[in-house]
Every structure is written in structure tokens, then in C-alpha cells.
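Listing of target12.cif, mmCIF, C-alpha atoms and all ligand atoms
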```
data_run
loop_
_atom_site.group_PDB
_atom_site.id
_atom_site.type_symbol
_atom_site.label_atom_id
_atom_site.label_comp_id
_atom_site.auth_asym_id
_atom_site.auth_seq_id
_atom_site.Cartn_x
_atom_site.Cartn_y
_atom_site.Cartn_z
ATOM 1 C CA MET A 5 -25.611 -96.809 90.414
ATOM 2 C CA GLU A 6 -26.740 -93.452 89.045
ATOM 3 C CA ASN A 7 -23.951 -91.112 87.976
ATOM 4 C CA PHE A 8 -23.335 -88.061 90.038
ATOM 5 C CA LEU A 9 -20.442 -86.777 87.983
ATOM 6 C CA GLN A 10 -18.882 -87.900 84.732
ATOM 7 C CA LEU A 11 -15.815 -86.891 82.759
ATOM 8 C CA LYS A 12 -15.889 -87.694 79.062
ATOM 9 C CA ASN A 13 -12.738 -87.670 76.938
ATOM 10 C CA VAL A 14 -11.025 -85.234 79.258
ATOM 11 C CA SER A 15 -7.457 -84.215 78.487
ATOM 12 C CA LYS A 16 -5.396 -81.553 80.163
ATOM 13 C CA THR A 17 -2.111 -80.142 78.954
ATOM 14 C CA PHE A 18 0.053 -77.610 80.723
ATOM 15 C CA GLY A 19 2.314 -76.217 78.013
ATOM 16 C CA GLU A 20 4.371 -79.210 76.956
ATOM 17 C CA VAL A 21 3.132 -81.453 79.742
ATOM 18 C CA SER A 22 0.235 -83.776 79.060
ATOM 19 C CA ALA A 23 -1.189 -84.282 82.563
ATOM 20 C CA LEU A 24 -4.342 -86.139 81.464
ATOM 21 C CA HIS A 25 -5.071 -87.893 78.204
ATOM 22 C CA ASP A 26 -8.580 -88.843 77.090
ATOM 23 C CA VAL A 27 -9.862 -89.742 80.529
ATOM 24 C CA ASN A 28 -13.310 -91.233 80.984
ATOM 25 C CA PHE A 29 -14.319 -91.370 84.605
ATOM 26 C CA GLU A 30 -17.431 -91.339 86.702
ATOM 27 C CA VAL A 31 -18.511 -91.280 90.295
ATOM 28 C CA GLY A 32 -21.929 -92.599 91.205
ATOM 29 C CA THR A 33 -24.409 -91.277 93.735
ATOM 30 C CA ASN A 34 -23.355 -92.584 97.149
ATOM 31 C CA GLU A 35 -20.264 -94.174 95.691
ATOM 32 C CA ILE A 36 -16.804 -94.018 97.251
ATOM 33 C CA VAL A 37 -14.131 -94.101 94.564
ATOM 34 C CA GLY A 38 -10.482 -94.628 95.412
ATOM 35 C CA LEU A 39 -8.119 -92.916 92.994
ATOM 36 C CA LEU A 40 -4.668 -94.468 92.929
ATOM 37 C CA GLY A 41 -1.573 -93.664 90.932
ATOM 38 C CA ASP A 42 2.063 -92.678 91.204
ATOM 39 C CA ASN A 43 3.400 -89.183 91.737
ATOM 40 C CA GLY A 44 2.547 -87.097 88.695
ATOM 41 C CA ALA A 45 -0.072 -89.564 87.408
ATOM 42 C CA GLY A 46 -2.619 -86.742 87.155
ATOM 43 C CA LYS A 47 -4.801 -87.403 90.213
ATOM 44 C CA SER A 48 -4.796 -83.847 91.558
ATOM 45 C CA THR A 49 -5.283 -82.441 88.065
ATOM 46 C CA MET A 50 -8.327 -84.666 87.669
ATOM 47 C CA VAL A 51 -9.968 -83.540 90.897
ATOM 48 C CA LYS A 52 -9.139 -79.936 90.119
ATOM 49 C CA ILE A 53 -11.039 -80.299 86.844
ATOM 50 C CA MET A 54 -14.009 -81.675 88.756
ATOM 51 C CA THR A 55 -13.984 -78.716 91.154
ATOM 52 C CA GLY A 56 -13.890 -76.198 88.309
ATOM 53 C CA TYR A 57 -10.373 -75.063 89.183
ATOM 54 C CA HIS A 58 -8.857 -76.255 85.889
ATOM 55 C CA ARG A 59 -10.657 -76.227 82.538
ATOM 56 C CA PRO A 60 -10.198 -79.390 80.479
ATOM 57 C CA ASP A 61 -8.732 -79.066 76.979
ATOM 58 C CA ALA A 62 -11.213 -78.539 74.146
ATOM 59 C CA GLY A 63 -13.286 -81.646 73.453
ATOM 60 C CA GLY A 64 -13.482 -82.819 77.071
ATOM 61 C CA GLU A 65 -16.877 -82.821 78.777
ATOM 62 C CA ILE A 66 -18.047 -82.639 82.375
ATOM 63 C CA HIS A 67 -21.513 -83.924 83.231
ATOM 64 C CA ILE A 68 -23.130 -83.433 86.614
ATOM 65 C CA LYS A 69 -26.318 -85.321 87.470
ATOM 66 C CA GLY A 70 -26.721 -86.232 83.825
ATOM 67 C CA ARG A 71 -26.443 -82.696 82.516
ATOM 68 C CA ARG A 72 -23.475 -81.352 80.620
ATOM 69 C CA VAL A 73 -21.845 -78.363 82.279
ATOM 70 C CA PRO A 74 -19.896 -76.600 79.516
ATOM 71 C CA HIS A 75 -17.919 -74.201 81.677
ATOM 72 C CA LEU A 76 -17.627 -75.536 85.174
ATOM 73 C CA THR A 77 -16.347 -72.877 87.572
ATOM 74 C CA VAL A 78 -15.409 -73.216 91.234
ATOM 75 C CA PRO A 79 -18.594 -71.440 92.457
ATOM 76 C CA GLU A 80 -20.742 -73.539 90.098
ATOM 77 C CA ALA A 81 -19.135 -76.775 91.316
ATOM 78 C CA ARG A 82 -19.772 -75.723 94.899
ATOM 79 C CA LYS A 83 -23.372 -74.892 94.081
ATOM 80 C CA GLN A 84 -23.712 -78.420 92.694
ATOM 81 C CA GLY A 85 -22.469 -79.814 96.006
ATOM 82 C CA ILE A 86 -18.870 -80.568 95.029
ATOM 83 C CA GLU A 87 -16.332 -79.861 97.754
ATOM 84 C CA ILE A 88 -12.637 -80.561 97.991
ATOM 85 C CA VAL A 89 -10.760 -80.957 101.243
ATOM 86 C CA TYR A 90 -7.049 -80.150 101.184
ATOM 87 C CA GLN A 91 -4.997 -81.096 104.173
ATOM 88 C CA GLU A 92 -3.093 -77.874 104.576
ATOM 89 C CA ARG A 93 -5.372 -75.250 103.167
ATOM 90 C CA ALA A 94 -8.631 -76.568 104.583
ATOM 91 C CA LEU A 95 -8.933 -74.345 107.620
ATOM 92 C CA ALA A 96 -8.143 -70.893 108.989
ATOM 93 C CA ASP A 97 -5.511 -71.650 111.610
ATOM 94 C CA LYS A 98 -5.921 -68.644 113.832
ATOM 95 C CA GLN A 99 -9.698 -68.813 114.010
ATOM 96 C CA SER A 100 -11.897 -70.747 116.402
ATOM 97 C CA LEU A 101 -13.571 -74.032 115.575
ATOM 98 C CA TRP A 102 -17.031 -72.493 115.244
ATOM 99 C CA ARG A 103 -15.747 -69.729 112.964
ATOM 100 C CA ASN A 104 -14.093 -72.320 110.768
ATOM 101 C CA ILE A 105 -17.258 -74.365 110.451
ATOM 102 C CA PHE A 106 -19.211 -71.323 109.293
ATOM 103 C CA LEU A 107 -16.445 -69.495 107.426
ATOM 104 C CA GLY A 108 -17.979 -67.737 104.436
ATOM 105 C CA ARG A 109 -21.406 -69.241 105.220
ATOM 106 C CA GLU A 110 -22.175 -67.542 108.530
ATOM 107 C CA LEU A 111 -25.609 -67.844 110.116
ATOM 108 C CA SER A 112 -27.462 -64.635 110.836
ATOM 109 C CA ASN A 113 -30.537 -63.892 112.916
ATOM 110 C CA SER A 114 -33.725 -62.226 111.789
ATOM 111 C CA TRP A 115 -32.078 -58.835 112.395
ATOM 112 C CA GLY A 116 -29.406 -59.687 109.844
ATOM 113 C CA MET A 117 -26.751 -59.844 112.572
ATOM 114 C CA LEU A 118 -24.303 -62.721 112.937
ATOM 115 C CA ASP A 119 -25.933 -65.335 115.149
ATOM 116 C CA VAL A 120 -22.860 -66.262 117.174
ATOM 117 C CA LYS A 121 -24.862 -68.103 119.826
ATOM 118 C CA LYS A 122 -26.495 -70.335 117.216
ATOM 119 C CA MET A 123 -23.192 -71.030 115.456
ATOM 120 C CA ARG A 124 -21.545 -72.022 118.757
ATOM 121 C CA GLU A 125 -24.485 -74.279 119.614
ATOM 122 C CA GLU A 126 -24.454 -75.911 116.195
ATOM 123 C CA THR A 127 -20.703 -76.464 116.460
ATOM 124 C CA LEU A 128 -21.055 -78.067 119.885
ATOM 125 C CA ASN A 129 -23.731 -80.328 118.471
ATOM 126 C CA LEU A 130 -21.551 -81.295 115.485
ATOM 127 C CA MET A 131 -18.622 -82.005 117.796
ATOM 128 C CA HIS A 132 -20.649 -84.671 119.535
ATOM 129 C CA THR A 133 -22.645 -86.057 116.628
ATOM 130 C CA ALA A 134 -20.398 -85.778 113.575
ATOM 131 C CA MET A 135 -16.827 -85.075 114.584
ATOM 132 C CA GLY A 136 -16.698 -87.491 117.479
ATOM 133 C CA PHE A 137 -14.444 -85.176 119.478
ATOM 134 C CA THR A 138 -14.184 -86.698 122.883
ATOM 135 C CA SER A 139 -11.432 -84.551 124.341
ATOM 136 C CA SER A 140 -12.846 -82.130 126.902
ATOM 137 C CA ALA A 141 -10.032 -79.773 125.932
ATOM 138 C CA ILE A 142 -11.841 -78.965 122.670
ATOM 139 C CA THR A 143 -14.693 -76.475 122.720
ATOM 140 C CA PRO A 144 -16.353 -74.469 119.921
ATOM 141 C CA ASP A 145 -13.992 -71.631 120.868
ATOM 142 C CA SER A 146 -10.797 -73.688 120.556
ATOM 143 C CA ILE A 147 -8.333 -72.286 118.040
ATOM 144 C CA ILE A 148 -7.640 -74.572 115.070
ATOM 145 C CA LYS A 149 -3.878 -74.122 115.339
ATOM 146 C CA THR A 150 -3.825 -76.519 118.293
ATOM 147 C CA PHE A 151 -5.722 -79.273 116.425
ATOM 148 C CA SER A 152 -4.047 -82.414 115.167
ATOM 149 C CA GLY A 153 -3.993 -83.251 111.440
ATOM 150 C CA GLY A 154 -6.754 -85.828 111.826
ATOM 151 C CA GLU A 155 -8.942 -83.451 113.781
ATOM 152 C CA ARG A 156 -8.519 -80.831 111.082
ATOM 153 C CA GLN A 157 -9.583 -83.275 108.405
ATOM 154 C CA GLY A 158 -12.583 -84.147 110.561
ATOM 155 C CA VAL A 159 -13.577 -80.503 110.867
ATOM 156 C CA ALA A 160 -13.243 -79.940 107.105
ATOM 157 C CA ILE A 161 -15.246 -83.041 106.191
ATOM 158 C CA THR A 162 -17.921 -82.313 108.804
ATOM 159 C CA ARG A 163 -18.240 -78.800 107.452
ATOM 160 C CA ALA A 164 -18.694 -80.087 103.914
ATOM 161 C CA LEU A 165 -21.378 -82.548 105.044
ATOM 162 C CA TYR A 166 -23.121 -79.920 107.169
ATOM 163 C CA PHE A 167 -23.458 -77.696 104.130
ATOM 164 C CA LYS A 168 -24.913 -80.560 102.122
ATOM 165 C CA ALA A 169 -21.980 -81.475 99.916
ATOM 166 C CA GLU A 170 -22.938 -84.284 97.540
ATOM 167 C CA LEU A 171 -19.418 -85.190 96.431
ATOM 168 C CA ILE A 172 -16.410 -84.704 98.683
ATOM 169 C CA MET A 173 -12.926 -85.048 97.209
ATOM 170 C CA LEU A 174 -10.107 -85.898 99.554
ATOM 171 C CA ASP A 175 -6.685 -85.339 98.017
ATOM 172 C CA GLU A 176 -4.212 -87.245 100.178
ATOM 173 C CA PRO A 177 -6.003 -86.514 103.444
ATOM 174 C CA THR A 178 -3.804 -88.863 105.465
ATOM 175 C CA MET A 179 -0.486 -87.387 104.382
ATOM 176 C CA GLY A 180 1.737 -86.907 107.394
ATOM 177 C CA LEU A 181 -0.772 -88.350 109.850
ATOM 178 C CA SER A 182 -0.125 -90.973 112.500
ATOM 179 C CA LEU A 183 -1.849 -94.337 112.276
ATOM 180 C CA SER A 184 -4.605 -93.434 114.728
ATOM 181 C CA GLU A 185 -5.187 -90.089 113.044
ATOM 182 C CA THR A 186 -5.349 -91.841 109.686
ATOM 183 C CA ASN A 187 -7.972 -94.183 111.081
ATOM 184 C CA LYS A 188 -10.051 -91.186 112.088
ATOM 185 C CA VAL A 189 -9.936 -89.854 108.543
ATOM 186 C CA ILE A 190 -11.001 -93.265 107.252
ATOM 187 C CA ASP A 191 -13.910 -93.204 109.715
ATOM 188 C CA PHE A 192 -14.966 -89.940 108.137
ATOM 189 C CA VAL A 193 -14.981 -91.536 104.710
ATOM 190 C CA HIS A 194 -17.308 -94.207 106.148
ATOM 191 C CA ARG A 195 -19.493 -91.394 107.442
ATOM 192 C CA ILE A 196 -19.689 -89.827 103.966
ATOM 193 C CA LYS A 197 -20.934 -93.190 102.690
ATOM 194 C CA ALA A 198 -23.404 -93.587 105.558
ATOM 195 C CA GLU A 199 -24.854 -90.151 104.872
ATOM 196 C CA GLY A 200 -25.629 -91.143 101.294
ATOM 197 C CA LYS A 201 -22.981 -88.899 99.736
ATOM 198 C CA SER A 202 -20.154 -89.612 97.308
ATOM 199 C CA CYS A 203 -16.414 -89.349 97.722
ATOM 200 C CA ILE A 204 -13.234 -89.479 95.678
ATOM 201 C CA PHE A 205 -10.451 -90.593 97.947
ATOM 202 C CA ILE A 206 -6.853 -90.098 96.774
ATOM 203 C CA ASP A 207 -4.118 -91.725 98.790
ATOM 204 C CA HIS A 208 -0.807 -93.360 98.001
ATOM 205 C CA ASN A 209 -1.487 -96.095 100.495
ATOM 206 C CA ILE A 210 -3.843 -98.751 99.161
ATOM 207 C CA PHE A 211 -4.287 -100.125 102.660
ATOM 208 C CA HIS A 212 -6.100 -96.875 103.434
ATOM 209 C CA VAL A 213 -8.086 -96.773 100.220
ATOM 210 C CA TYR A 214 -9.157 -100.359 99.691
ATOM 211 C CA PRO A 215 -11.261 -100.954 102.835
ATOM 212 C CA VAL A 216 -13.503 -97.882 102.400
ATOM 213 C CA CYS A 217 -13.971 -97.807 98.629
ATOM 214 C CA ASP A 218 -16.688 -99.242 96.412
ATOM 215 C CA ARG A 219 -14.491 -98.926 93.344
ATOM 216 C CA ILE A 220 -10.822 -98.368 92.673
ATOM 217 C CA VAL A 221 -9.561 -96.407 89.677
ATOM 218 C CA VAL A 222 -5.893 -96.577 88.747
ATOM 219 C CA LEU A 223 -4.377 -93.644 86.911
ATOM 220 C CA ASP A 224 -1.051 -94.061 85.163
ATOM 221 C CA ARG A 225 0.754 -91.230 83.401
ATOM 222 C CA GLY A 226 -2.447 -89.383 82.611
ATOM 223 C CA THR A 227 -4.598 -92.290 81.502
ATOM 224 C CA ILE A 228 -6.925 -94.676 83.293
ATOM 225 C CA ALA A 229 -5.021 -97.929 83.517
ATOM 226 C CA GLY A 230 -7.802 -99.904 85.170
ATOM 227 C CA GLN A 231 -10.889 -99.831 87.349
ATOM 228 C CA TYR A 232 -12.213 -102.435 89.723
ATOM 229 C CA LEU A 233 -15.313 -102.870 91.759
ATOM 230 C CA LYS A 234 -13.980 -103.668 95.188
ATOM 231 C CA ASN A 235 -16.081 -106.774 95.609
ATOM 232 C CA GLU A 236 -14.532 -108.239 92.458
ATOM 233 C CA LEU A 237 -10.961 -107.989 93.620
ATOM 234 C CA THR A 238 -9.108 -108.889 96.791
ATOM 235 C CA LEU A 239 -6.531 -106.566 98.265
ATOM 236 C CA GLU A 240 -3.801 -109.012 97.273
ATOM 237 C CA GLU A 241 -4.993 -109.027 93.661
ATOM 238 C CA LEU A 242 -5.080 -105.236 93.645
ATOM 239 C CA ILE A 243 -1.507 -105.048 94.900
ATOM 240 C CA GLU A 244 -0.460 -107.418 92.150
ATOM 241 C CA ARG A 245 -2.188 -105.262 89.504
ATOM 242 C CA LEU A 246 -0.624 -102.064 90.808
ATOM 243 C CA TYR A 247 2.755 -103.672 90.669
ATOM 244 C CA LEU A 248 2.137 -104.564 87.051
ATOM 245 C CA VAL A 249 0.918 -101.053 86.186
ATOM 246 C CA ALA A 250 3.981 -99.523 87.798
ATOM 247 C CA HIS A 251 6.251 -101.706 85.708
ATOM 248 C CA THR A 252 4.464 -101.906 82.382
ATOM 249 C CA GLY A 253 2.010 -98.966 82.388
ATOM 250 C CA SER A 254 -0.698 -101.530 81.774
ATOM 251 C CA LEU A 255 -2.671 -104.161 83.613
ATOM 252 C CA ARG A 256 -1.604 -106.759 81.138
ATOM 253 C CA LYS A 257 1.438 -106.649 78.983
ATOM 254 C CA GLY A 258 0.500 -105.071 75.642
ATOM 255 C CA ALA A 259 -3.085 -104.347 76.711
ATOM 256 C CA ALA A 260 -2.863 -100.710 77.780
ATOM 257 C CA LYS A 261 -5.355 -99.447 75.200
ATOM 258 C CA GLU A 262 -7.892 -102.130 75.885
ATOM 259 C CA GLU A 263 -7.986 -101.362 79.589
ATOM 260 C CA ASN A 264 -8.419 -97.642 79.049
ATOM 261 C CA GLU A 265 -12.039 -97.848 78.012
ATOM 262 C CA ALA A 266 -15.239 -96.111 79.059
ATOM 263 C CA PRO A 267 -15.806 -96.306 82.812
ATOM 264 C CA LYS A 268 -19.308 -97.705 82.406
ATOM 265 C CA ALA A 269 -17.420 -100.924 81.776
ATOM 266 C CA ALA A 270 -15.886 -100.797 85.245
ATOM 267 C CA GLY A 271 -17.017 -104.301 86.032
ATOM 268 C CA ASP A 272 -15.941 -105.567 82.623
ATOM 269 C CA ALA A 273 -12.527 -104.013 83.023
ATOM 270 C CA ALA A 274 -12.142 -105.858 86.289
ATOM 271 C CA LYS A 275 -13.185 -109.114 84.663
ATOM 272 C CA LYS A 276 -10.841 -108.549 81.742
ATOM 273 C CA GLY A 277 -8.064 -107.988 84.202
ATOM 274 C CA GLY A 278 -9.074 -111.205 85.901
ATOM 275 C CA ASP A 279 -8.457 -113.505 82.969
ATOM 276 C CA ARG A 280 -5.014 -112.285 82.282
HETATM 277 N N1 LIG B 301 -0.400 -76.077 87.135
HETATM 278 C C1 LIG B 301 0.450 -76.889 86.500
HETATM 279 N N2 LIG B 301 1.318 -76.418 85.581
HETATM 280 C C2 LIG B 301 2.161 -77.241 84.923
HETATM 281 N N3 LIG B 301 2.205 -78.572 85.108
HETATM 282 C C3 LIG B 301 1.371 -79.105 86.002
HETATM 283 C C4 LIG B 301 0.443 -78.300 86.752
HETATM 284 N N4 LIG B 301 -0.253 -79.109 87.570
HETATM 285 C C5 LIG B 301 0.203 -80.356 87.358
HETATM 286 N N5 LIG B 301 1.175 -80.363 86.422
HETATM 287 C C6 LIG B 301 1.877 -81.549 85.901
HETATM 288 O O1 LIG B 301 0.911 -82.494 85.525
HETATM 289 C C7 LIG B 301 1.300 -83.803 85.892
HETATM 290 C C8 LIG B 301 0.254 -84.416 86.824
HETATM 291 O O2 LIG B 301 0.314 -83.735 88.081
HETATM 292 P P1 LIG B 301 -0.685 -84.019 89.289
HETATM 293 O O3 LIG B 301 -0.402 -83.018 90.334
HETATM 294 O O4 LIG B 301 -2.079 -84.075 88.760
HETATM 295 O O5 LIG B 301 -0.228 -85.479 89.737
HETATM 296 P P2 LIG B 301 -0.674 -86.337 91.009
HETATM 297 O O6 LIG B 301 -1.128 -87.655 90.494
HETATM 298 O O7 LIG B 301 -1.617 -85.581 91.844
HETATM 299 O O8 LIG B 301 0.721 -86.545 91.740
HETATM 300 P P3 LIG B 301 1.071 -86.622 93.335
HETATM 301 O O9 LIG B 301 0.765 -88.012 93.754
HETATM 302 O O10 LIG B 301 2.535 -86.350 93.376
HETATM 303 O O11 LIG B 301 0.265 -85.578 94.044
HETATM 304 C C9 LIG B 301 2.684 -83.655 86.509
HETATM 305 O O12 LIG B 301 3.627 -83.910 85.522
HETATM 306 C C10 LIG B 301 2.727 -82.207 86.972
HETATM 307 O O13 LIG B 301 4.037 -81.723 86.968
HETATM 308 MG MG MG B 302 -1.518 -84.805 93.783
#
```
Show me this structure written as C-alpha cells.
Amino acid sequence: MENFLQLKNVSKTFGEVSALHDVNFEVGTNEIVGLLGDNGAGKSTMVKIMTGYHRPDAGGEIHIKGRRVPHLTVPEARKQGIEIVYQERALADKQSLWRNIFLGRELSNSWGMLDVKKMREETLNLMHTAMGFTSSAITPDSIIKTFSGGERQGVAITRALYFKAELIMLDEPTMGLSLSETNKVIDFVHRIKAEGKSCIFIDHNIFHVYPVCDRIVVLDRGTIAGQYLKNELTLEELIERLYLVAHTGSLRKGAAKEENEAPKAAGDAAKKGGDR
């Protein structure tokens, strides 16, 4: 699978805190990567580096579509098709659905005026085709404040796809959602895959992550503790590995360094883990 984005030897320190240490990570084109790890493992820091929000420490490199980007900024990341969806901050609560879809990227007509009619029509179309909103109570003019958590995630992900995002990062998108709402979010991850795009899916619950991912990456205290291609590992085996990581910081006792190798060896890492 061709790389869409790659981190090479990325570290990030905040004062005394080492949030990431020598991380090598990649996400392929049309690949869904599940990022797992305990609180404080460095997951959010990692995605923030990939969106240009944080700069890695000196020596770390970010490559997008095979090209090194020395100073990735938020606008540059967006231009490259990298979008992040946060649960809380994703949408403007007091605005309508159609305004939220086009926020900051409004359509205008040939007179240079806002094309409200077109934006409403497009939103209605997206509601039926992409968002799967079946409730007749929701219209393009509905105010976001009344939307459920799952619906909000759906709007944010649909918006990213509509504007041709290539890589969508979801940082704990199911937090605080009910089971059925969570399932909706997972459906959206399937949609990202079906549309040929890539996704990094962060969630504490492996039962959410495992079914939709092509590859699972486990972060432990700022380092990559292991990576597995999904088809090389059952859910039960993954649970067993995570248990081990949580207790030893490694996939095998005394093998922490060995497992923290370049991500191109994702399959090898999984195999290594297999003969423990
Ligand atoms: N802006 C910051 N300033 C100082 N320390 C930070 C900052 N951001 C993160 N950290 C620290 O870096 C470490 C990794 O944090 P991060 O938020 O990346 O973890 P996480 O894996 O996303 O955790 P969680 O599952 O709780 O969201 C933590 O020790 C955190 O306190
Ligand atoms: Mg986090």
C-alpha cells in the first residue's frame, strides 16, 4: 500500500514531558489505521503533529505523498487533504446544518454572492446520500445544537469527505455516545474506506476499532509498542497483546526495543509478536 503520510523519528517534548519518543509511523492510501494506547500515551499529540498543530522536535520528519514537508502548518496540512474531526469542537452549535457544512468554504454564484440556494440543495443531497439522516425532523436549516453526538460526527465527517479530504483523523469520536450512535460513527469510518480515503481512528475501545481497521498501532508511553495488520491477528489475540503492553510496556517481556521498529515492518512486527 502506497504511503499517504509518514512520520520518521518523530519526538515531541513539552518542557520536561516527553510525549513522543522516536516514533516511526505511516498511514497508507485508503488505509484505516486504529491508534490504541492508554491515557497520556501520546495519541493526540501524534495526530496534532500530523495536522500541523504541533511541530515535532528537531530531527523528526513528516512526509506526505512521498515528499518531505519540513514545516507542516495547519493550512498546509489542510491543503494536502488532512482533516481532523474533534467531537466537541467540530461544529458551530448555533448555526444551521447547511452553514456548518460550508463554514469557511462557502459557495458563491457568478455574481460573487453567497449561493444559499445551492448550499441548501447540496446539504439536502448530502443528508440523503452521505449522512443517512432519515429523521424528517432534520432539514438543511436545522440548528446543530439539537443534533445528537453521532449526528454531529456524521456531519463533520461528511463535510471532510465533501471537501475531498484524503486523510481524516478521528480522535475519540465515540466518546460519550450511546451504542447506536457509536455504530453510526463506525459506519462513517466504513464510508471513508469505501470512498478510497484514509483514516486514523483513535478510540479507547478496541471493540470499536478492530472491526473497521486495516492495521492497529499500539502506542505506549510515547513509543510504538506494536503494529498489526488486522488480518494477521484475531480480536482475542489483540486483547491479549494489549494486556501485556499495559503491564510490561512491551509486547514480549524484555523485547520493547525490538518491537519499536520502522513501521514498514508492520507485518513483521505482527509475526514477531506471534512467536512469542
Ligand atoms: N500542550 C501540552 N503541554 C504539555 N504537555 C502536554 C501537552 N499536550 C500533551 N501533553 C502531555 O503529553 C503526554 C501525551 O498526551 P496526549 O494528549 O498526546 O495523550 P493521549 O494518548 O491522547 O491520551 P488520552 O487517551 O488521555 O487522550 C501527556 O503526558 C500529556 O500530559
Ligand atoms: Mg487524546
10 Å shell around ligand LIG 301 (chain B) using all atoms listed in the file, listed as an MDAnalysis selection string: chainID A and resid 16:24 39:53 58 175:176 206:208 223:226
Starting from the displayed file, determine the output of the PyMOL selection byres (((chain A and resi 174) around 12) and not hetatm) and express the residue list as a JSON list (two decimals) with C-alpha atoms, in the frame of the given file.
```json
[["chain", "number", "residue", "atom", "x", "y", "z"],
["A", 36, "ILE", "CA", -16.80, -94.02, 97.25],
["A", 37, "VAL", "CA", -14.13, -94.10, 94.56],
["A", 38, "GLY", "CA", -10.48, -94.63, 95.41],
["A", 39, "LEU", "CA", -8.12, -92.92, 92.99],
["A", 47, "LYS", "CA", -4.80, -87.40, 90.21],
["A", 48, "SER", "CA", -4.80, -83.85, 91.56],
["A", 51, "VAL", "CA", -9.97, -83.54, 90.90],
["A", 52, "LYS", "CA", -9.14, -79.94, 90.12],
["A", 55, "THR", "CA", -13.98, -78.72, 91.15],
["A", 86, "ILE", "CA", -18.87, -80.57, 95.03],
["A", 87, "GLU", "CA", -16.33, -79.86, 97.75],
["A", 88, "ILE", "CA", -12.64, -80.56, 97.99],
["A", 89, "VAL", "CA", -10.76, -80.96, 101.24],
["A", 90, "TYR", "CA", -7.05, -80.15, 101.18],
["A", 91, "GLN", "CA", -5.00, -81.10, 104.17],
["A", 92, "GLU", "CA", -3.09, -77.87, 104.58],
["A", 94, "ALA", "CA", -8.63, -76.57, 104.58],
["A", 157, "GLN", "CA", -9.58, -83.28, 108.40],
["A", 158, "GLY", "CA", -12.58, -84.15, 110.56],
["A", 160, "ALA", "CA", -13.24, -79.94, 107.10],
["A", 161, "ILE", "CA", -15.25, -83.04, 106.19],
["A", 164, "ALA", "CA", -18.69, -80.09, 103.91],
["A", 171, "LEU", "CA", -19.42, -85.19, 96.43],
["A", 172, "ILE", "CA", -16.41, -84.70, 98.68],
["A", 173, "MET", "CA", -12.93, -85.05, 97.21],
["A", 175, "ASP", "CA", -6.68, -85.34, 98.02],
["A", 176, "GLU", "CA", -4.21, -87.24, 100.18],
["A", 177, "PRO", "CA", -6.00, -86.51, 103.44],
["A", 178, "THR", "CA", -3.80, -88.86, 105.46],
["A", 179, "MET", "CA", -0.49, -87.39, 104.38],
["A", 189, "VAL", "CA", -9.94, -89.85, 108.54],
["A", 190, "ILE", "CA", -11.00, -93.26, 107.25],
["A", 192, "PHE", "CA", -14.97, -89.94, 108.14],
["A", 193, "VAL", "CA", -14.98, -91.54, 104.71],
["A", 196, "ILE", "CA", -19.69, -89.83, 103.97],
["A", 202, "SER", "CA", -20.15, -89.61, 97.31],
["A", 203, "CYS", "CA", -16.41, -89.35, 97.72],
["A", 204, "ILE", "CA", -13.23, -89.48, 95.68],
["A", 205, "PHE", "CA", -10.45, -90.59, 97.95],
["A", 206, "ILE", "CA", -6.85, -90.10, 96.77],
["A", 207, "ASP", "CA", -4.12, -91.72, 98.79],
["A", 213, "VAL", "CA", -8.09, -96.77, 100.22]]
```
Pick the closest to A:Glu65 from A:Met135, A:Cys217, A:Ile210, A:Leu11: which is it, counting only C-alpha atoms? A:Leu11
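Each of A:Asp119, A:Asp26, A:Glu185, A:Glu240 was compared to A:Pro60 using all atoms listed in the file, and A:Asp26 turns out to be the nearest.
The set of residues that the PyMOL selection byres (((chain A and resi 110) around 12) and not hetatm) takes from this file is A:Trp102, A:Arg103, A:Asn104, A:Ile105, A:Phe106, A:Leu107, A:Gly108, A:Arg109, A:Leu111, A:Ser112, A:Asn113, A:Gly116, A:Met117, A:Leu118, A:Asp119, A:Val120, A:Lys121, A:Lys122, A:Met123, A:Arg124, A:Glu126, A:Arg163, A:Phe167.
Taken over the shown file, the PyMOL selection byres (((chain A and resi 134) around 9) and not hetatm) identifies A:Asn129, A:Leu130, A:Met131, A:His132, A:Thr133, A:Met135, A:Gly136, A:Phe137, A:Gly158, A:Thr162, A:Phe192, A:Arg195.
One finds atom CA of A:Met54 at 8.2 Å from atom CA of A:Leu9.
The space separating atom CA of A:Thr127 from atom CA of A:Phe8 comes to 29.0 Å.
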Between A:His67, A:Lys234, A:Glu244, A:Pro144, which residue has the minimum interatomic distance to A:Phe29, considering only C-alpha atoms? A:His67
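Atom pair atom CA of A:Asp145 / atom CA of A:Pro79: separated by 28.8 Å.
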Let me know the centre plus edge lengths, in Å and rounded to one decimal, of a box with edges along x, y and z that contains all listed atoms of stretch 211-230 of chain A and is padded by 6 Å on every side, as AutoDock Vina command-line options.
```
--center_x -8.0 --center_y -95.2 --center_z 92.5 --size_x 29.4 --size_y 23.6 --size_z 33.9
```
Looking at all atoms listed in the file, which of A:Ile228, A:Pro74, A:Tyr214, A:Glu170 is the one that sits closest to A:Glu241? A:Tyr214
Who sits within 8 Å of A:Glu80, only C-alpha atoms, same chain under 4 positions skipped, as JSON, numbers by chain: {"A": [56, 76, 84]}
Looking at only C-alpha atoms, which of A:Leu237, A:Ala62, A:Ile220, A:Leu183 is the one that sits closest to A:His25? A:Ala62
